[in-house]
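Novice: What follows is structure22.txt; its format and atoms are compact mmCIF, N, CA and C atoms.
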```txt
# COMPACT_ATOMS: atom_id res chain seq x y z
N MET F 29 37.50 -112.92 -50.03
CA MET F 29 38.81 -112.89 -49.44
C MET F 29 39.17 -114.29 -48.97
N ASN F 30 40.33 -114.73 -49.30
CA ASN F 30 40.78 -116.05 -48.87
C ASN F 30 42.07 -115.92 -48.07
N LEU F 31 41.95 -116.18 -46.78
CA LEU F 31 43.12 -116.19 -45.90
C LEU F 31 43.58 -117.63 -45.73
N SER F 32 44.87 -117.79 -45.59
CA SER F 32 45.36 -119.11 -45.23
C SER F 32 44.92 -119.36 -43.79
N ARG F 33 44.57 -120.56 -43.49
CA ARG F 33 44.02 -120.87 -42.16
C ARG F 33 45.02 -120.62 -41.04
N SER F 34 46.26 -120.53 -41.33
CA SER F 34 47.25 -120.30 -40.28
C SER F 34 47.59 -118.82 -40.12
N LYS F 35 47.06 -118.00 -40.97
CA LYS F 35 47.41 -116.58 -40.97
C LYS F 35 46.35 -115.74 -40.28
N LYS F 36 46.80 -114.90 -39.37
CA LYS F 36 45.88 -113.93 -38.77
C LYS F 36 45.76 -112.75 -39.74
N PRO F 37 44.56 -112.21 -39.88
CA PRO F 37 44.39 -111.10 -40.82
C PRO F 37 45.12 -109.84 -40.35
N HIS F 38 45.61 -109.09 -41.32
CA HIS F 38 46.25 -107.79 -41.08
C HIS F 38 45.13 -106.76 -41.16
N ILE F 39 44.90 -106.03 -40.08
CA ILE F 39 43.70 -105.20 -39.91
C ILE F 39 44.05 -103.71 -39.89
N LEU F 40 43.20 -102.93 -40.55
CA LEU F 40 43.29 -101.47 -40.48
C LEU F 40 41.95 -100.93 -40.02
N PHE F 41 41.97 -100.15 -38.94
CA PHE F 41 40.79 -99.41 -38.50
C PHE F 41 40.92 -97.98 -38.98
N ILE F 42 39.82 -97.41 -39.45
CA ILE F 42 39.82 -96.01 -39.89
C ILE F 42 38.80 -95.24 -39.07
N ASN F 43 39.25 -94.19 -38.40
CA ASN F 43 38.35 -93.28 -37.70
C ASN F 43 38.04 -92.14 -38.67
N VAL F 44 36.81 -92.13 -39.16
CA VAL F 44 36.40 -91.17 -40.19
C VAL F 44 36.20 -89.79 -39.58
N ASN F 45 36.62 -88.77 -40.32
CA ASN F 45 36.37 -87.38 -39.92
C ASN F 45 35.06 -86.94 -40.56
N PRO F 46 34.03 -86.65 -39.77
CA PRO F 46 32.75 -86.28 -40.36
C PRO F 46 32.76 -84.92 -41.06
N ARG F 47 33.80 -84.13 -40.85
CA ARG F 47 33.91 -82.81 -41.49
C ARG F 47 35.29 -82.66 -42.12
N PRO F 48 35.57 -83.40 -43.18
CA PRO F 48 36.93 -83.38 -43.73
C PRO F 48 37.35 -82.05 -44.32
N SER F 49 36.40 -81.17 -44.61
CA SER F 49 36.78 -79.88 -45.20
C SER F 49 37.22 -78.88 -44.13
N TRP F 50 36.98 -79.20 -42.87
CA TRP F 50 37.40 -78.30 -41.80
C TRP F 50 38.89 -78.43 -41.55
N LYS F 51 39.50 -77.33 -41.17
CA LYS F 51 40.90 -77.37 -40.79
C LYS F 51 41.04 -78.09 -39.46
N LYS F 52 42.22 -78.63 -39.23
CA LYS F 52 42.47 -79.39 -38.01
C LYS F 52 42.11 -78.58 -36.76
N GLU F 53 42.41 -77.30 -36.78
CA GLU F 53 42.16 -76.46 -35.61
C GLU F 53 40.67 -76.34 -35.31
N LYS F 54 39.84 -76.49 -36.33
CA LYS F 54 38.40 -76.34 -36.16
C LYS F 54 37.70 -77.68 -35.92
N THR F 55 38.35 -78.79 -36.26
CA THR F 55 37.75 -80.11 -36.12
C THR F 55 37.77 -80.53 -34.66
N GLN F 56 36.62 -80.96 -34.19
CA GLN F 56 36.54 -81.45 -32.82
C GLN F 56 37.14 -82.85 -32.77
N ILE F 57 38.18 -82.98 -32.00
CA ILE F 57 38.83 -84.29 -31.85
C ILE F 57 38.32 -84.87 -30.54
N GLU F 58 37.56 -85.95 -30.68
CA GLU F 58 36.98 -86.57 -29.50
C GLU F 58 37.35 -88.04 -29.46
N PHE F 59 37.16 -88.64 -28.33
CA PHE F 59 37.49 -90.03 -28.11
C PHE F 59 36.46 -90.89 -28.85
N PRO F 60 36.87 -91.67 -29.86
CA PRO F 60 35.92 -92.48 -30.63
C PRO F 60 35.57 -93.77 -29.88
N MET F 61 34.53 -93.70 -29.04
CA MET F 61 34.20 -94.81 -28.14
C MET F 61 33.94 -96.13 -28.87
N GLY F 62 33.13 -96.10 -29.93
CA GLY F 62 32.82 -97.34 -30.65
C GLY F 62 34.07 -98.01 -31.17
N LEU F 63 34.91 -97.24 -31.83
CA LEU F 63 36.18 -97.77 -32.36
C LEU F 63 37.05 -98.30 -31.22
N CYS F 64 37.08 -97.59 -30.11
CA CYS F 64 37.91 -98.02 -28.97
C CYS F 64 37.43 -99.36 -28.41
N TYR F 65 36.12 -99.55 -28.32
CA TYR F 65 35.60 -100.83 -27.84
C TYR F 65 36.01 -101.96 -28.77
N VAL F 66 35.81 -101.75 -30.07
CA VAL F 66 36.15 -102.80 -31.05
C VAL F 66 37.66 -103.05 -31.05
N ALA F 67 38.45 -102.00 -31.04
CA ALA F 67 39.92 -102.16 -31.06
C ALA F 67 40.41 -102.86 -29.79
N SER F 68 39.85 -102.52 -28.62
CA SER F 68 40.34 -103.17 -27.40
C SER F 68 40.02 -104.65 -27.35
N GLU F 69 38.83 -105.03 -27.82
CA GLU F 69 38.51 -106.46 -27.86
C GLU F 69 39.35 -107.18 -28.92
N THR F 70 39.65 -106.49 -29.99
CA THR F 70 40.51 -107.07 -31.04
C THR F 70 41.91 -107.30 -30.49
N LYS F 71 42.41 -106.34 -29.73
CA LYS F 71 43.74 -106.49 -29.11
C LYS F 71 43.72 -107.59 -28.05
N ARG F 72 42.66 -107.64 -27.26
CA ARG F 72 42.53 -108.66 -26.22
C ARG F 72 42.55 -110.07 -26.83
N ALA F 73 42.01 -110.19 -28.05
CA ALA F 73 41.99 -111.47 -28.75
C ALA F 73 43.31 -111.73 -29.50
N ARG F 74 44.29 -110.87 -29.28
CA ARG F 74 45.65 -111.03 -29.81
C ARG F 74 45.77 -110.85 -31.32
N TYR F 75 44.96 -109.95 -31.85
CA TYR F 75 45.11 -109.56 -33.25
C TYR F 75 45.89 -108.26 -33.28
N ASN F 76 46.71 -108.10 -34.31
CA ASN F 76 47.44 -106.86 -34.51
C ASN F 76 46.69 -105.99 -35.51
N PHE F 77 46.78 -104.70 -35.32
CA PHE F 77 46.07 -103.78 -36.21
C PHE F 77 46.75 -102.42 -36.17
N ASP F 78 46.38 -101.61 -37.15
CA ASP F 78 46.78 -100.21 -37.20
C ASP F 78 45.52 -99.37 -37.21
N ILE F 79 45.66 -98.13 -36.78
CA ILE F 79 44.53 -97.20 -36.79
C ILE F 79 44.95 -95.94 -37.54
N VAL F 80 44.13 -95.52 -38.47
CA VAL F 80 44.30 -94.22 -39.13
C VAL F 80 43.19 -93.33 -38.59
N ASP F 81 43.57 -92.25 -37.93
CA ASP F 81 42.59 -91.33 -37.35
C ASP F 81 42.52 -90.08 -38.22
N LEU F 82 41.50 -90.01 -39.05
CA LEU F 82 41.36 -88.89 -39.99
C LEU F 82 40.95 -87.59 -39.32
N ARG F 83 40.57 -87.66 -38.06
CA ARG F 83 40.27 -86.42 -37.33
C ARG F 83 41.56 -85.74 -36.88
N VAL F 84 42.60 -86.53 -36.71
CA VAL F 84 43.88 -85.98 -36.28
C VAL F 84 44.77 -85.67 -37.48
N ASN F 85 44.84 -86.62 -38.42
CA ASN F 85 45.66 -86.45 -39.62
C ASN F 85 44.77 -86.66 -40.84
N TYR F 86 44.34 -85.58 -41.42
CA TYR F 86 43.43 -85.68 -42.57
C TYR F 86 44.15 -86.29 -43.77
N LEU F 87 43.50 -87.26 -44.39
CA LEU F 87 43.94 -87.84 -45.66
C LEU F 87 42.75 -87.87 -46.59
N SER F 88 43.01 -87.70 -47.88
CA SER F 88 41.94 -87.83 -48.87
C SER F 88 41.57 -89.30 -49.01
N ASP F 89 40.46 -89.59 -49.68
CA ASP F 89 40.07 -90.97 -49.94
C ASP F 89 41.19 -91.72 -50.66
N GLN F 90 41.79 -91.06 -51.63
CA GLN F 90 42.86 -91.69 -52.39
C GLN F 90 44.06 -91.99 -51.49
N GLU F 91 44.42 -91.06 -50.63
CA GLU F 91 45.55 -91.28 -49.72
C GLU F 91 45.27 -92.43 -48.74
N VAL F 92 44.02 -92.51 -48.27
CA VAL F 92 43.63 -93.62 -47.39
C VAL F 92 43.76 -94.94 -48.14
N ALA F 93 43.25 -94.96 -49.38
CA ALA F 93 43.29 -96.18 -50.19
C ALA F 93 44.73 -96.59 -50.51
N GLU F 94 45.57 -95.62 -50.83
CA GLU F 94 46.98 -95.92 -51.09
C GLU F 94 47.67 -96.47 -49.85
N SER F 95 47.35 -95.89 -48.71
CA SER F 95 47.91 -96.36 -47.44
C SER F 95 47.46 -97.79 -47.15
N ALA F 96 46.19 -98.08 -47.41
CA ALA F 96 45.66 -99.44 -47.20
C ALA F 96 46.35 -100.43 -48.13
N LYS F 97 46.55 -100.02 -49.37
CA LYS F 97 47.22 -100.89 -50.34
C LYS F 97 48.67 -101.14 -49.93
N ASN F 98 49.39 -100.08 -49.60
CA ASN F 98 50.79 -100.19 -49.22
C ASN F 98 50.98 -100.99 -47.93
N GLY F 99 49.97 -100.94 -47.05
CA GLY F 99 50.06 -101.67 -45.79
C GLY F 99 49.74 -103.14 -45.91
N GLY F 100 49.19 -103.55 -47.05
CA GLY F 100 48.87 -104.96 -47.26
C GLY F 100 47.79 -105.49 -46.35
N TYR F 101 46.78 -104.68 -46.09
CA TYR F 101 45.73 -105.07 -45.15
C TYR F 101 44.75 -106.08 -45.76
N ASP F 102 44.34 -107.04 -44.94
CA ASP F 102 43.34 -108.03 -45.33
C ASP F 102 41.94 -107.58 -44.97
N VAL F 103 41.83 -106.86 -43.84
CA VAL F 103 40.54 -106.39 -43.33
C VAL F 103 40.66 -104.91 -43.04
N ILE F 104 39.68 -104.14 -43.55
CA ILE F 104 39.65 -102.70 -43.32
C ILE F 104 38.30 -102.40 -42.70
N ALA F 105 38.33 -101.80 -41.51
CA ALA F 105 37.09 -101.57 -40.75
C ALA F 105 36.92 -100.08 -40.46
N LEU F 106 35.72 -99.61 -40.66
CA LEU F 106 35.38 -98.22 -40.37
C LEU F 106 33.90 -98.12 -40.05
N GLY F 107 33.48 -96.98 -39.62
CA GLY F 107 32.07 -96.79 -39.30
C GLY F 107 31.75 -95.33 -39.09
N GLY F 108 30.50 -95.09 -38.81
CA GLY F 108 30.08 -93.71 -38.59
C GLY F 108 28.59 -93.60 -38.40
N LEU F 109 28.16 -92.38 -38.34
CA LEU F 109 26.74 -92.07 -38.19
C LEU F 109 26.10 -91.90 -39.57
N SER F 110 24.78 -91.84 -39.59
CA SER F 110 24.04 -91.76 -40.85
C SER F 110 24.48 -90.59 -41.72
N HIS F 111 24.79 -89.46 -41.09
CA HIS F 111 25.16 -88.28 -41.89
C HIS F 111 26.54 -88.42 -42.53
N ASN F 112 27.26 -89.50 -42.21
CA ASN F 112 28.56 -89.77 -42.83
C ASN F 112 28.45 -90.66 -44.07
N TYR F 113 27.23 -90.94 -44.50
CA TYR F 113 27.00 -91.89 -45.60
C TYR F 113 27.85 -91.59 -46.83
N TYR F 114 27.77 -90.37 -47.35
CA TYR F 114 28.49 -90.06 -48.59
C TYR F 114 30.00 -90.12 -48.41
N LEU F 115 30.49 -89.72 -47.24
CA LEU F 115 31.93 -89.82 -46.97
C LEU F 115 32.38 -91.28 -46.97
N ILE F 116 31.64 -92.11 -46.26
CA ILE F 116 32.01 -93.52 -46.14
C ILE F 116 31.83 -94.24 -47.47
N LYS F 117 30.75 -93.92 -48.18
CA LYS F 117 30.51 -94.56 -49.48
C LYS F 117 31.67 -94.30 -50.43
N SER F 118 32.11 -93.06 -50.53
CA SER F 118 33.20 -92.75 -51.47
C SER F 118 34.53 -93.34 -50.98
N MET F 119 34.76 -93.34 -49.68
CA MET F 119 36.00 -93.90 -49.15
C MET F 119 36.05 -95.41 -49.39
N VAL F 120 34.95 -96.10 -49.15
CA VAL F 120 34.89 -97.55 -49.37
C VAL F 120 35.13 -97.86 -50.85
N ALA F 121 34.52 -97.08 -51.74
CA ALA F 121 34.69 -97.30 -53.18
C ALA F 121 36.16 -97.15 -53.58
N LYS F 122 36.81 -96.13 -53.06
CA LYS F 122 38.22 -95.91 -53.40
C LYS F 122 39.10 -97.01 -52.82
N ILE F 123 38.81 -97.46 -51.60
CA ILE F 123 39.59 -98.55 -51.00
C ILE F 123 39.40 -99.82 -51.83
N LYS F 124 38.17 -100.12 -52.24
CA LYS F 124 37.91 -101.31 -53.06
C LYS F 124 38.68 -101.26 -54.38
N GLU F 125 38.80 -100.06 -54.93
CA GLU F 125 39.55 -99.88 -56.18
C GLU F 125 41.03 -100.21 -55.98
N TYR F 126 41.60 -99.77 -54.88
CA TYR F 126 43.02 -99.94 -54.63
C TYR F 126 43.37 -101.28 -53.98
N VAL F 127 42.45 -101.81 -53.18
CA VAL F 127 42.70 -103.07 -52.45
C VAL F 127 41.50 -103.99 -52.66
N PRO F 128 41.30 -104.49 -53.88
CA PRO F 128 40.08 -105.25 -54.17
C PRO F 128 39.94 -106.54 -53.37
N GLY F 129 41.04 -107.10 -52.89
CA GLY F 129 40.96 -108.35 -52.14
C GLY F 129 40.69 -108.19 -50.66
N ALA F 130 40.71 -106.96 -50.16
CA ALA F 130 40.49 -106.74 -48.74
C ALA F 130 39.01 -106.85 -48.40
N LEU F 131 38.73 -107.33 -47.21
CA LEU F 131 37.36 -107.39 -46.70
C LEU F 131 37.07 -106.06 -46.03
N ILE F 132 36.04 -105.37 -46.47
CA ILE F 132 35.69 -104.07 -45.89
C ILE F 132 34.48 -104.26 -44.98
N VAL F 133 34.69 -103.95 -43.70
CA VAL F 133 33.67 -104.10 -42.67
C VAL F 133 33.27 -102.70 -42.20
N VAL F 134 31.98 -102.42 -42.23
CA VAL F 134 31.49 -101.12 -41.79
C VAL F 134 30.49 -101.33 -40.66
N GLY F 135 30.61 -100.50 -39.64
CA GLY F 135 29.70 -100.57 -38.50
C GLY F 135 29.22 -99.20 -38.11
N GLY F 136 28.51 -99.15 -37.01
CA GLY F 136 27.98 -97.90 -36.51
C GLY F 136 26.55 -97.69 -36.94
N ASN F 137 26.02 -96.57 -36.56
CA ASN F 137 24.63 -96.22 -36.84
C ASN F 137 24.34 -96.21 -38.33
N ILE F 138 25.33 -95.88 -39.13
CA ILE F 138 25.13 -95.81 -40.58
C ILE F 138 24.66 -97.15 -41.15
N VAL F 139 25.13 -98.25 -40.56
CA VAL F 139 24.72 -99.57 -41.02
C VAL F 139 23.48 -100.04 -40.25
N THR F 140 23.47 -99.84 -38.96
CA THR F 140 22.36 -100.31 -38.13
C THR F 140 21.04 -99.68 -38.56
N ALA F 141 21.07 -98.42 -38.99
CA ALA F 141 19.85 -97.72 -39.38
C ALA F 141 19.25 -98.26 -40.68
N MET F 142 20.07 -98.73 -41.59
CA MET F 142 19.56 -99.21 -42.89
C MET F 142 20.50 -100.27 -43.47
N PRO F 143 20.59 -101.44 -42.83
CA PRO F 143 21.61 -102.42 -43.21
C PRO F 143 21.51 -102.92 -44.65
N GLU F 144 20.34 -103.31 -45.10
CA GLU F 144 20.23 -103.86 -46.46
C GLU F 144 20.55 -102.80 -47.50
N LYS F 145 20.02 -101.61 -47.30
CA LYS F 145 20.26 -100.53 -48.25
C LYS F 145 21.73 -100.13 -48.25
N PHE F 146 22.31 -100.05 -47.07
CA PHE F 146 23.72 -99.66 -47.00
C PHE F 146 24.59 -100.62 -47.80
N LEU F 147 24.40 -101.92 -47.61
CA LEU F 147 25.22 -102.89 -48.33
C LEU F 147 24.91 -102.89 -49.82
N ARG F 148 23.68 -102.62 -50.18
CA ARG F 148 23.31 -102.58 -51.60
C ARG F 148 23.87 -101.33 -52.27
N TRP F 149 23.94 -100.22 -51.55
CA TRP F 149 24.34 -98.95 -52.14
C TRP F 149 25.84 -98.67 -52.06
N THR F 150 26.58 -99.50 -51.36
CA THR F 150 28.03 -99.26 -51.22
C THR F 150 28.80 -100.51 -51.64
N ASN F 151 30.11 -100.40 -51.63
CA ASN F 151 30.98 -101.54 -51.95
C ASN F 151 31.43 -102.28 -50.71
N ALA F 152 30.82 -101.99 -49.55
CA ALA F 152 31.21 -102.68 -48.32
C ALA F 152 30.86 -104.16 -48.43
N ASP F 153 31.67 -105.00 -47.81
CA ASP F 153 31.44 -106.44 -47.83
C ASP F 153 30.57 -106.92 -46.68
N VAL F 154 30.78 -106.31 -45.51
CA VAL F 154 30.08 -106.75 -44.30
C VAL F 154 29.59 -105.52 -43.55
N GLY F 155 28.38 -105.59 -43.07
CA GLY F 155 27.82 -104.55 -42.21
C GLY F 155 27.59 -105.13 -40.83
N VAL F 156 28.05 -104.44 -39.81
CA VAL F 156 27.89 -104.89 -38.43
C VAL F 156 26.78 -104.08 -37.79
N LEU F 157 25.79 -104.78 -37.25
CA LEU F 157 24.65 -104.14 -36.60
C LEU F 157 24.89 -104.04 -35.10
N GLY F 158 24.48 -102.92 -34.51
CA GLY F 158 24.58 -102.76 -33.06
C GLY F 158 26.02 -102.69 -32.59
N GLU F 159 26.22 -103.15 -31.35
CA GLU F 159 27.56 -103.14 -30.76
C GLU F 159 28.45 -104.12 -31.52
N GLY F 160 29.61 -103.68 -31.95
CA GLY F 160 30.39 -104.47 -32.88
C GLY F 160 31.58 -105.23 -32.34
N GLU F 161 31.92 -105.05 -31.06
CA GLU F 161 33.17 -105.63 -30.61
C GLU F 161 33.22 -107.16 -30.72
N TYR F 162 32.13 -107.84 -30.38
CA TYR F 162 32.16 -109.31 -30.45
C TYR F 162 31.84 -109.81 -31.86
N THR F 163 31.02 -109.08 -32.56
CA THR F 163 30.72 -109.45 -33.95
C THR F 163 31.98 -109.35 -34.80
N PHE F 164 32.77 -108.31 -34.59
CA PHE F 164 34.00 -108.15 -35.36
C PHE F 164 34.95 -109.31 -35.10
N LEU F 165 35.06 -109.74 -33.84
CA LEU F 165 35.91 -110.89 -33.53
C LEU F 165 35.40 -112.16 -34.20
N GLU F 166 34.09 -112.32 -34.25
CA GLU F 166 33.53 -113.49 -34.93
C GLU F 166 33.88 -113.47 -36.42
N ILE F 167 33.82 -112.30 -37.02
CA ILE F 167 34.20 -112.16 -38.43
C ILE F 167 35.66 -112.59 -38.62
N LEU F 168 36.55 -112.11 -37.76
CA LEU F 168 37.96 -112.45 -37.87
C LEU F 168 38.20 -113.95 -37.69
N LYS F 169 37.52 -114.54 -36.73
CA LYS F 169 37.68 -115.98 -36.49
C LYS F 169 37.17 -116.80 -37.67
N ARG F 170 36.08 -116.38 -38.27
CA ARG F 170 35.56 -117.09 -39.43
C ARG F 170 36.52 -116.98 -40.62
N LEU F 171 37.16 -115.83 -40.76
CA LEU F 171 38.14 -115.67 -41.83
C LEU F 171 39.32 -116.63 -41.65
N GLU F 172 39.68 -116.87 -40.41
CA GLU F 172 40.80 -117.76 -40.12
C GLU F 172 40.45 -119.23 -40.28
N THR F 173 39.17 -119.56 -40.16
CA THR F 173 38.80 -120.97 -40.21
C THR F 173 38.28 -121.37 -41.57
N ASP F 174 37.07 -120.95 -41.90
CA ASP F 174 36.48 -121.45 -43.14
C ASP F 174 36.10 -120.36 -44.14
N ASN F 175 36.40 -119.12 -43.84
CA ASN F 175 36.07 -118.00 -44.72
C ASN F 175 34.58 -117.87 -45.01
N ASN F 176 33.75 -118.49 -44.20
CA ASN F 176 32.30 -118.42 -44.41
C ASN F 176 31.71 -117.33 -43.52
N LEU F 177 31.27 -116.26 -44.14
CA LEU F 177 30.69 -115.14 -43.39
C LEU F 177 29.17 -115.15 -43.43
N ASN F 178 28.57 -116.17 -43.98
CA ASN F 178 27.11 -116.24 -44.00
C ASN F 178 26.57 -116.31 -42.60
N GLY F 179 25.48 -115.59 -42.37
CA GLY F 179 24.87 -115.56 -41.05
C GLY F 179 25.44 -114.45 -40.24
```
Show the structure stored in the file as structure tokens.

Specialist:
Amino acid sequence: MNLSRSKKPHILFINVNPRPSWKKEKTQIEFPMGLCYVASETKRARYNFDIVDLRVNYLSDQEVAESAKNGGYDVIALGGLSHNYYLIKSMVAKIKEYVPGALIVVGGNIVTAMPEKFLRWTNADVGVLGEGEYTFLEILKRLETDNNLNG
């Protein structure tokens, strides 16, 4: 991904629904603490973003990818627990198909538990280990300066 150095990235956060086959009435809608921490630090650093909450408004992988494409996002961030692996893997693949130039950042236990394997087995570009709020900001700042995400 190549951002112009004067441009702040256009960011999309996705709150994954771990049970997409459940009807809305049956899905437990809870406060996504990890996402909230990352989003609040992102806002505090004066970045603009959108959030798609799939627990509230279910979208298929294709609908998510189309929305990401239509929104012109540079960075798409999502995460989850280990048992969400197949959901996230297929969603990331579909997003990469529709928005190949976007940087896909995945965090949460799904990455922390098996970082090398996760990145090898999926189309994600960056995996965030542990608490992600400051790491995500570092990723954004590097995109704005030299686009070097090594390290």

Novice: F:Tyr162: which residues within 8 Å, counting only C-alpha atoms, same-chain residues fewer than 3 positions away excluded, as a ChimeraX atom specification?

Specialist: /F:66,69,159,165-166

Novice: My list of candidates is F:Leu157, F:Val84, F:Leu63, F:Leu106. Which is closest to F:Ala141 when distances are computed with only C-alpha atoms?

Specialist: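 The shortest atom-to-atom distance to F:Ala141 comes from F:Leu157.
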
Novice: Which is closer to F:Phe77 than all the others in F:His38, F:Asp102, F:Ala93, F:Val44, using only N, CA and C atoms?

Specialist: F:His38

Novice: In Å, with one decimal, what is the gap from atom N of F:Val133 to atom N of F:Arg47?

Specialist: 20.0 Å

Novice: Could you pull out all residues of stretch 74-163 of chain F with a DSSP call of strand (DSSP E or B) and give them as a list in words?

Specialist: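 Residues meeting the strand (DSSP E or B) criterion: Phe77, Asp78, Ile79, Val80, Asp81, Val103, Ile104, Ala105, Leu106, Gly107, Leu131, Ile132, Val133, Val134, Gly135, Val154 and Gly155 of chain F.
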
Novice: Around (28.4, -106.3, -44.6) in the file's own coordinates, what residues are found within 8 Å if you use only N, CA and C atoms, given back as a PyMOL selection string?

Specialist: chain F and resi 132-135+143+146-147+151-157
